[in-house]
Amino acid sequence: RAYCVYHMQTFVSYEDAKAWVESGKAAKLDAYLSDAAKKQLTRKESAGLLDHIYFGHFSDASPETRAMIDSWMRQRPKSAFALAASGRSYLAAAWQARGTDYASKTPRENFERMNAWLMFARRDLEQAIAIDPRVFPAYTAMINIGMAQGDDEYAGQAARKGLAVQPANYSIYGQLMALAQPRWGGSLDEMSRITAEAQTHAKDNGLLMLLLPLRAAYEAKLTDCNCADPNAYRTILDQMPAGELLSGAAYAVDAADRKDLAVVYQSEVIRFYPWADLEKAKRVRHLIAFGERAWARMDADKLSTQPSSGRDILKILNNDYMTLGDFAAVKRTFLRMDELRAKEQ
């Protein structure tokens, strides 16, 4: 229930937030975010509201987002919320500069660019929490900086400060669990310790129960590759997992051609992530296989016509339409794929 409430809660759209800033009403955005921070602290149904807003709106390094944040900061230079957004955007730019390859294969200049961006991120995030300690997304970003730079003391200090303000903060504990993984220099025992500590606050925030399967999932290598044994999920999923683990389970059983389990896990992902269009597209063929042709066609038609569907989704749907024998839809889907390819060139 807590996970459904977390994902289904409504909040200001990025477009509206951007419009407020562009029309010179950044103060309105600050007031909205301040109220969200208050709700996160005082209402169970808003347990991760402010964190969720920042994950969705202010955690990328796109020029558009950067320009919006810069305008916001010009209007409100002492805004803790604008500074936190700025720091998170700089953090995203740092990871972008580093690249995704192994450290041994990453050029030194990538790390230098990353560290330059992280200096800006640290500055803005530290200013943000000094002005208003309720800006929770700043703490998770600071923990992530500690992870990037191998600075456990910095990450730990950020976590302690954040948890002093909200002891049941799910996002902070989630970042601590990531930092505690052995591949980042932590240990399985440390993962267990953090999980146990988090459960002492689960009565105040049910989302913390999502941490329970993470150590076992890490041990079974279910979190860092697409080569997992699908049977390994059966015991781990006795405890409620977050959507990432459900997605991994769906991928593993699908790759093992277990249609009966694949359609279940795909449906569970969609239950918590209604926007998981790739999972919906993959599920269509299983719905056909189990005789749910009307349901399959309804999902396929909706996905194939919505503007956000990319070529990867359309390619999957093309095969589904062939199975359904709808060659007019196959033709339409091919035309859309050609249009998208032309735009990319």
# chains A, B, ... in the order shown; residues from 1 in each chain; ligands from 1
call {"tool": "residues_around", "arguments": {"residues": "stretch 234-251 of chain A", "least_positions_apart": "4", "cutoff": "6 Å", "atoms": "only C-alpha atoms", "output": "list of chain:residue names"}}
result
A:Leu210, A:Pro213, A:Ala262, A:Tyr265, A:Gln266, A:Val269
call {"tool": "write_last_selection", "arguments": {"atoms": "N, CA and C atoms", "output": "short mmCIF file (atom, residue, chain, number, x, y, z; two decimals), in the first residue's frame"}}
result
data_model
loop_
_atom_site.label_atom_id
_atom_site.label_comp_id
_atom_site.auth_asym_id
_atom_site.auth_seq_id
_atom_site.Cartn_x
_atom_site.Cartn_y
_atom_site.Cartn_z
N LEU A 210 10.83 -2.14 1.82
CA LEU A 210 11.35 -2.50 0.50
C LEU A 210 12.85 -2.80 0.53
N PRO A 213 14.68 -7.26 0.98
CA PRO A 213 15.27 -8.29 0.11
C PRO A 213 16.60 -7.90 -0.53
N ALA A 262 6.59 -14.72 -16.44
CA ALA A 262 6.92 -13.42 -17.04
C ALA A 262 5.72 -12.48 -17.01
N TYR A 265 5.25 -11.14 -13.38
CA TYR A 265 6.20 -10.11 -12.94
C TYR A 265 6.06 -8.83 -13.75
N GLN A 266 5.79 -8.97 -15.06
CA GLN A 266 5.58 -7.77 -15.87
C GLN A 266 4.36 -6.99 -15.37
N VAL A 269 5.32 -5.10 -12.23
CA VAL A 269 6.06 -3.87 -12.53
C VAL A 269 5.09 -2.76 -12.94
#
call {"tool": "select_by_dssp", "arguments": {"residues": "stretch 172-337 of chain A", "states": "alpha helix (DSSP H)", "output": "VMD selection string"}}
result
chain A and resid 172 to 179 188 to 199 214 to 219 233 to 236 243 to 255 259 to 272 277 to 289 293 to 305 311 to 324 327 to 337
call {"tool": "atom_distance", "arguments": {"atom1": "atom CA of A:Ala155", "atom2": "atom CA of A:Trp117"}}
result
17.0 Å
call {"tool": "closest_residue", "arguments": {"among": "A:Leu340, A:Asp254, A:Asn144, A:Gln175", "to": "A:Pro307", "atoms": "only C-alpha atoms"}}
result
A:Leu340
call {"tool": "closest_residue", "arguments": {"among": "A:Ala97, A:Ala342, A:Ala252, A:Leu317", "to": "A:Glu112", "atoms": "only C-alpha atoms"}}
result
A:Ala97
call {"tool": "residues_around", "arguments": {"residues": "A:Gln306", "least_positions_apart": "6", "cutoff": "12 Å", "atoms": "only C-alpha atoms", "output": "PDB file with C-alpha atoms, in the first residue's frame"}}
result
ATOM      1  CA  TRP A 275       4.402   4.389 -17.170  1.00  0.00           C
ATOM      2  CA  ASP A 277       5.737   1.121 -21.457  1.00  0.00           C
ATOM      3  CA  ASP A 299      -2.453  -2.379 -25.002  1.00  0.00           C
ATOM      4  CA  ALA A 300      -0.716  -2.624 -28.383  1.00  0.00           C
ATOM      5  CA  ILE A 313       8.752  -0.490 -28.348  1.00  0.00           C
ATOM      6  CA  LEU A 314       7.388  -0.259 -31.889  1.00  0.00           C
ATOM      7  CA  THR A 333       3.924   0.666 -37.127  1.00  0.00           C
ATOM      8  CA  ARG A 336       6.125   5.259 -37.534  1.00  0.00           C
TER       9      ARG A 336
END
call {"tool": "closest_residue", "arguments": {"among": "A:His201, A:Ala19, A:Ala130, A:Gly87", "to": "A:Met142", "atoms": "only C-alpha atoms"}}
result
A:Gly87
call {"tool": "residues_around", "arguments": {"residues": "A:Leu83", "least_positions_apart": "2", "cutoff": "10 Å", "atoms": "only C-alpha atoms", "output": "PyMOL selection string"}}
result
chain A and resi 69-70+72-73+76-81+85-89+121+123-129+131+135+138
call {"tool": "write_last_selection", "arguments": {"atoms": "N, CA and C atoms", "output": "compact mmCIF listing (two decimals), in the first residue's frame"}}
result
# COMPACT_ATOMS: atom_id res chain seq x y z
N ILE A 69 16.67 26.17 -13.89
CA ILE A 69 17.21 26.31 -12.54
C ILE A 69 17.99 27.61 -12.39
N ASP A 70 18.76 27.98 -13.40
CA ASP A 70 19.53 29.23 -13.34
C ASP A 70 18.60 30.44 -13.22
N TRP A 72 15.59 30.38 -11.94
CA TRP A 72 15.02 30.24 -10.59
C TRP A 72 15.99 30.84 -9.56
N MET A 73 17.27 30.53 -9.70
CA MET A 73 18.26 31.02 -8.74
C MET A 73 18.49 32.52 -8.88
N ARG A 76 15.59 33.89 -6.97
CA ARG A 76 15.57 33.50 -5.55
C ARG A 76 16.96 32.99 -5.14
N PRO A 77 17.96 33.88 -5.08
CA PRO A 77 19.34 33.42 -4.82
C PRO A 77 19.54 32.73 -3.47
N LYS A 78 18.65 32.95 -2.51
CA LYS A 78 18.75 32.31 -1.20
C LYS A 78 17.75 31.16 -1.03
N SER A 79 17.21 30.68 -2.14
CA SER A 79 16.24 29.59 -2.07
C SER A 79 16.95 28.25 -1.86
N ALA A 80 16.66 27.60 -0.75
CA ALA A 80 17.23 26.29 -0.49
C ALA A 80 16.78 25.28 -1.54
N PHE A 81 15.55 25.44 -2.02
CA PHE A 81 15.00 24.49 -2.97
C PHE A 81 15.65 24.64 -4.34
N ALA A 85 18.10 21.87 -6.24
CA ALA A 85 17.89 21.48 -7.64
C ALA A 85 19.16 21.69 -8.45
N SER A 86 19.84 22.80 -8.20
CA SER A 86 21.08 23.09 -8.91
C SER A 86 22.15 22.03 -8.61
N GLY A 87 22.27 21.70 -7.32
CA GLY A 87 23.26 20.69 -6.93
C GLY A 87 22.99 19.34 -7.57
N ARG A 88 21.72 18.96 -7.62
CA ARG A 88 21.36 17.67 -8.23
C ARG A 88 21.63 17.68 -9.74
N SER A 89 21.40 18.82 -10.37
CA SER A 89 21.68 18.93 -11.80
C SER A 89 23.19 18.84 -12.06
N ALA A 121 28.41 20.98 -7.32
CA ALA A 121 27.29 20.30 -6.66
C ALA A 121 27.41 20.40 -5.14
N ARG A 123 28.97 22.59 -3.34
CA ARG A 123 28.75 23.98 -2.89
C ARG A 123 27.25 24.28 -2.76
N ASP A 124 26.49 23.96 -3.80
CA ASP A 124 25.07 24.31 -3.78
C ASP A 124 24.27 23.46 -2.81
N LEU A 125 24.60 22.19 -2.71
CA LEU A 125 23.86 21.30 -1.80
C LEU A 125 24.11 21.66 -0.34
N GLU A 126 25.36 21.99 -0.03
CA GLU A 126 25.68 22.35 1.35
C GLU A 126 25.02 23.67 1.74
N GLN A 127 24.95 24.61 0.79
CA GLN A 127 24.24 25.86 1.06
C GLN A 127 22.75 25.60 1.28
N ALA A 128 22.20 24.69 0.49
CA ALA A 128 20.77 24.40 0.57
C ALA A 128 20.38 23.91 1.96
N ILE A 129 21.10 22.93 2.51
CA ILE A 129 20.70 22.38 3.81
C ILE A 129 21.04 23.34 4.95
N ILE A 131 20.47 26.54 4.72
CA ILE A 131 19.34 27.47 4.70
C ILE A 131 18.07 26.79 5.22
N VAL A 135 15.31 20.17 3.09
CA VAL A 135 15.46 19.89 1.66
C VAL A 135 16.10 18.51 1.51
N ALA A 138 18.64 17.04 -1.14
CA ALA A 138 20.04 17.45 -1.08
C ALA A 138 20.89 16.39 -0.38
call {"tool": "atom_distance", "arguments": {"atom1": "atom CA of A:Thr195", "atom2": "atom CA of A:Asp151"}}
result
21.3 Å
call {"tool": "closest_residue", "arguments": {"among": "A:Tyr102, A:Tyr154, A:Tyr170, A:Phe111", "to": "A:Gln40", "atoms": "only C-alpha atoms"}}
result
A:Tyr170
